[in-house]
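Asks: One file: upload-v4.pdb (PDB, C-alpha atoms, pLDDT in the B column).
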MODEL        1
ATOM      1  CA  MET Y  12      29.163   8.315  27.719  1.00 53.00           C
ATOM      2  CA  LYS Y  13      25.599   9.331  28.534  1.00 54.00           C
ATOM      3  CA  ARG Y  14      25.336  11.204  25.235  1.00 55.00           C
ATOM      4  CA  THR Y  15      26.468   8.148  23.310  1.00 56.00           C
ATOM      5  CA  ALA Y  16      23.940   5.960  25.070  1.00 52.00           C
ATOM      6  CA  LEU Y  17      21.142   8.455  24.440  1.00 50.00           C
ATOM      7  CA  ALA Y  18      22.155   8.819  20.806  1.00 51.00           C
ATOM      8  CA  GLY Y  19      22.178   5.043  20.434  1.00 52.00           C
ATOM      9  CA  LEU Y  20      18.724   4.737  21.965  1.00 51.00           C
ATOM     10  CA  PHE Y  21      17.396   7.495  19.731  1.00 52.00           C
ATOM     11  CA  ILE Y  22      18.835   5.909  16.594  1.00 57.00           C
ATOM     12  CA  SER Y  23      17.451   2.519  17.598  1.00 54.00           C
ATOM     13  CA  ALA Y  24      13.994   3.984  18.162  1.00 51.00           C
ATOM     14  CA  VAL Y  25      14.030   5.718  14.780  1.00 49.00           C
ATOM     15  CA  MET Y  26      15.159   2.590  12.970  1.00 49.00           C
ATOM     16  CA  LEU Y  27      12.516   0.448  14.631  1.00 52.00           C
ATOM     17  CA  ALA Y  28       9.753   2.930  13.822  1.00 49.00           C
ATOM     18  CA  SER Y  29      10.751   3.516  10.206  1.00 46.00           C
ATOM     19  CA  PRO Y  30       9.352   0.238   8.775  1.00 52.00           C
ATOM     20  CA  VAL Y  31       5.892   1.183  10.034  1.00 50.00           C
ATOM     21  CA  PHE Y  32       6.029   4.528   8.265  1.00 51.00           C
ATOM     22  CA  ALA Y  33       7.437   2.899   5.147  1.00 55.00           C
ATOM     23  CA  ALA Y  34       4.557   0.423   5.118  1.00 56.00           C
ATOM     24  CA  GLU Y  35       2.007   3.211   5.398  1.00 59.00           C
ATOM     25  CA  ASP Y  36       3.744   4.965   2.525  1.00 85.00           C
ATOM     26  CA  LEU Y  37       3.699   1.775   0.449  1.00 91.00           C
ATOM     27  CA  CYS Y  38      -0.043   1.462   0.922  1.00 91.00           C
ATOM     28  CA  GLN Y  39      -0.557   5.061  -0.190  1.00 92.00           C
ATOM     29  CA  ILE Y  40       1.886   4.648  -3.073  1.00 94.00           C
ATOM     30  CA  ASN Y  41       0.047   1.548  -4.279  1.00 94.00           C
ATOM     31  CA  LEU Y  42      -3.286   3.386  -4.140  1.00 94.00           C
ATOM     32  CA  GLN Y  43      -1.798   6.182  -6.253  1.00 94.00           C
ATOM     33  CA  LYS Y  44      -0.334   3.647  -8.703  1.00 93.00           C
ATOM     34  CA  ILE Y  45      -3.782   2.081  -9.070  1.00 92.00           C
ATOM     35  CA  ASN Y  46      -5.341   5.471  -9.839  1.00 92.00           C
ATOM     36  CA  ASP Y  47      -2.616   6.189 -12.395  1.00 91.00           C
ATOM     37  CA  ALA Y  48      -2.873   2.740 -13.980  1.00 88.00           C
ATOM     38  CA  VAL Y  49      -6.654   2.917 -14.319  1.00 88.00           C
ATOM     39  CA  ALA Y  50      -6.429   6.396 -15.837  1.00 87.00           C
ATOM     40  CA  SER Y  51      -3.760   5.395 -18.352  1.00 85.00           C
ATOM     41  CA  SER Y  52      -4.931   1.859 -19.033  1.00 77.00           C
ATOM     42  CA  GLY Y  53      -6.526   1.128 -22.365  1.00 71.00           C
ATOM     43  CA  GLU Y  54      -9.501  -1.122 -21.952  1.00 80.00           C
ATOM     44  CA  ILE Y  55     -10.705  -2.410 -18.615  1.00 83.00           C
ATOM     45  CA  SER Y  56     -13.678  -4.731 -18.530  1.00 87.00           C
ATOM     46  CA  SER Y  57     -16.590  -3.751 -16.341  1.00 88.00           C
ATOM     47  CA  ASP Y  58     -16.005  -6.841 -14.187  1.00 91.00           C
ATOM     48  CA  LEU Y  59     -12.386  -5.875 -13.578  1.00 90.00           C
ATOM     49  CA  GLN Y  60     -13.353  -2.255 -12.921  1.00 91.00           C
ATOM     50  CA  ASP Y  61     -15.933  -3.388 -10.350  1.00 94.00           C
ATOM     51  CA  ASN Y  62     -13.307  -5.615  -8.724  1.00 94.00           C
ATOM     52  CA  ILE Y  63     -10.800  -2.739  -8.645  1.00 93.00           C
ATOM     53  CA  ASP Y  64     -13.343  -0.352  -7.124  1.00 94.00           C
ATOM     54  CA  SER Y  65     -14.445  -2.752  -4.397  1.00 96.00           C
ATOM     55  CA  THR Y  66     -10.900  -3.831  -3.532  1.00 95.00           C
ATOM     56  CA  VAL Y  67      -9.643  -0.239  -3.388  1.00 95.00           C
ATOM     57  CA  ALA Y  68     -12.542   0.663  -1.076  1.00 96.00           C
ATOM     58  CA  GLN Y  69     -11.662  -2.295   1.146  1.00 96.00           C
ATOM     59  CA  ALA Y  70      -7.962  -1.316   1.116  1.00 94.00           C
ATOM     60  CA  LYS Y  71      -8.790   2.262   2.124  1.00 93.00           C
ATOM     61  CA  GLU Y  72     -10.958   0.931   4.940  1.00 95.00           C
ATOM     62  CA  GLU Y  73      -8.094  -1.231   6.172  1.00 92.00           C
ATOM     63  CA  GLN Y  74      -5.685   1.704   5.903  1.00 91.00           C
ATOM     64  CA  SER Y  75      -8.002   3.933   7.913  1.00 91.00           C
ATOM     65  CA  LYS Y  76      -7.800   1.531  10.861  1.00 91.00           C
ATOM     66  CA  GLY Y  77      -4.301   2.831  11.495  1.00 87.00           C
ATOM     67  CA  THR Y  78      -3.024  -0.536  12.715  1.00 89.00           C
ATOM     68  CA  LYS Y  79      -0.093  -2.586  11.510  1.00 89.00           C
ATOM     69  CA  GLU Y  80      -2.482  -5.351  10.452  1.00 92.00           C
ATOM     70  CA  GLY Y  81      -4.657  -2.866   8.576  1.00 92.00           C
ATOM     71  CA  THR Y  82      -1.661  -1.442   6.770  1.00 91.00           C
ATOM     72  CA  GLN Y  83      -0.446  -4.915   5.817  1.00 93.00           C
ATOM     73  CA  ALA Y  84      -3.925  -5.806   4.560  1.00 94.00           C
ATOM     74  CA  CYS Y  85      -4.003  -2.597   2.510  1.00 94.00           C
ATOM     75  CA  ILE Y  86      -0.636  -3.412   0.956  1.00 94.00           C
ATOM     76  CA  SER Y  87      -1.733  -6.951   0.165  1.00 94.00           C
ATOM     77  CA  LEU Y  88      -4.998  -5.832  -1.417  1.00 95.00           C
ATOM     78  CA  THR Y  89      -3.446  -3.056  -3.477  1.00 95.00           C
ATOM     79  CA  THR Y  90      -0.597  -5.264  -4.648  1.00 95.00           C
ATOM     80  CA  GLN Y  91      -3.134  -7.798  -5.925  1.00 95.00           C
ATOM     81  CA  VAL Y  92      -5.060  -5.069  -7.775  1.00 93.00           C
ATOM     82  CA  LEU Y  93      -1.854  -3.826  -9.385  1.00 93.00           C
ATOM     83  CA  GLN Y  94      -1.107  -7.377 -10.510  1.00 93.00           C
ATOM     84  CA  ASP Y  95      -4.630  -7.750 -11.929  1.00 91.00           C
ATOM     85  CA  ILE Y  96      -4.235  -4.502 -13.866  1.00 89.00           C
ATOM     86  CA  ALA Y  97      -0.821  -5.600 -15.188  1.00 89.00           C
ATOM     87  CA  ASN Y  98      -2.292  -8.938 -16.278  1.00 88.00           C
ATOM     88  CA  ASN Y  99      -5.151  -7.122 -17.998  1.00 86.00           C
ATOM     89  CA  ASN Y 100      -2.722  -4.894 -19.863  1.00 82.00           C
ATOM     90  CA  LYS Y 101      -0.773  -7.959 -21.024  1.00 82.00           C
ATOM     91  CA  GLY Y 102      -3.954  -9.433 -22.445  1.00 74.00           C
ATOM     92  CA  GLY Y 103      -4.783 -11.997 -19.773  1.00 57.00           C
ATOM     93  CA  GLU Y 104      -6.909 -11.939 -16.660  1.00 50.00           C
TER
ENDMDL
END
Since I need it in another form, could you write the structure as C-alpha cells?

Replies:
Amino acid sequence: MKRTALAGLFISAVMLASPVFAAEDLCQINLQKINDAVASSGEISSDLQDNIDSTVAQAKEEQSKGTKEGTQACISLTTQVLQDIANNNKGGE
C-alpha cells in the first residue's frame, strides 16, 4: 500500500512538472524555428529584420529569467515573430 501511494505521488509530481519543461522547450524550439526561417526565407525587409532581431533579443531575455512568466512571454514573443515571418513569406506584412 505504501509503495502504491509513493508511486502515485511520484507520478503526480512528474505530471505536474512536465508542462513547465514543455513550455521551456517550446520557447527554445520557437527560437530555433525563427533562426531556420530567417536563414531559408527569401526576402526580408530591413524593417522586418530589425523587428525580428529586437523581438528575439527580448524573448531570450525573458527566457533567461527562468520564471514561468518569462517562459510564457518568450513563447508569446517568438510565436508572434514566426507569424510575422509566415505573413512575409505569403506576401503580406

Asks: Closest to Ile45 in chain Y among Y:Gln69, Y:Thr89, Y:Asn99, Y:Ser75, using all atoms listed in the file?

Replies: Y:Thr89

Asks: If you measure from CA of Asp61 in chain Y to CA of Thr78 in chain Y, what distance in Å do you get, rounded to one decimal?

Replies: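 CA of Thr78 in chain Y lies 26.6 Å from CA of Asp61 in chain Y.
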
Asks: Could you spell out the hits of the PyMOL selection byres ((chain Y and resi 52) around 12) on the shown file, as a PyMOL selection string?

Replies: chain Y and resi 44-51+53-56+60+93+95-102

Asks: Leaving out Leu88 in chain Y and any residue of its chain fewer than 2 positions from it, which residues lie within 8 Å of it when counting only C-alpha atoms, given as an NGL selection string?

Replies: :Y and (66-67 or 69-70 or 84-86 or 90-92)

Asks: Keeping C-alpha atoms for every residue in the selection just given, could you write it to a file as a JSON list (two decimals), keeping the file's coordinate frame?

Replies:
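Full text of part-v6.json as output:
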[["chain", "number", "residue", "atom", "x", "y", "z"],
["Y", 66, "THR", "CA", -10.90, -3.83, -3.53],
["Y", 67, "VAL", "CA", -9.64, -0.24, -3.39],
["Y", 69, "GLN", "CA", -11.66, -2.30, 1.15],
["Y", 70, "ALA", "CA", -7.96, -1.32, 1.12],
["Y", 84, "ALA", "CA", -3.92, -5.81, 4.56],
["Y", 85, "CYS", "CA", -4.00, -2.60, 2.51],
["Y", 86, "ILE", "CA", -0.64, -3.41, 0.96],
["Y", 90, "THR", "CA", -0.60, -5.26, -4.65],
["Y", 91, "GLN", "CA", -3.13, -7.80, -5.92],
["Y", 92, "VAL", "CA", -5.06, -5.07, -7.78]]

Asks: Each side padded by 8 Å, which centre and which edge lengths in Å (one decimal) define the axis-aligned box around the listed atoms of range 69-86 of chain Y? Give them as AutoDock Vina command-line options.

Replies:
--center_x -5.9 --center_y -0.9 --center_z 6.8 --size_x 27.6 --size_y 25.7 --size_z 27.8

Asks: What does the distance from CA of Gln94 in chain Y to CA of Glu80 in chain Y come to in Å, to one decimal?

Replies: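 Here the two named atoms are 21.1 Å from each other.
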
Asks: Take the PyMOL selection byres ((chain Y and resi 38) around 8), apply it to the structure above, and return the hits as a ChimeraX atom specification.

Replies: /Y:34-37,39-42,74,82,85-86,89
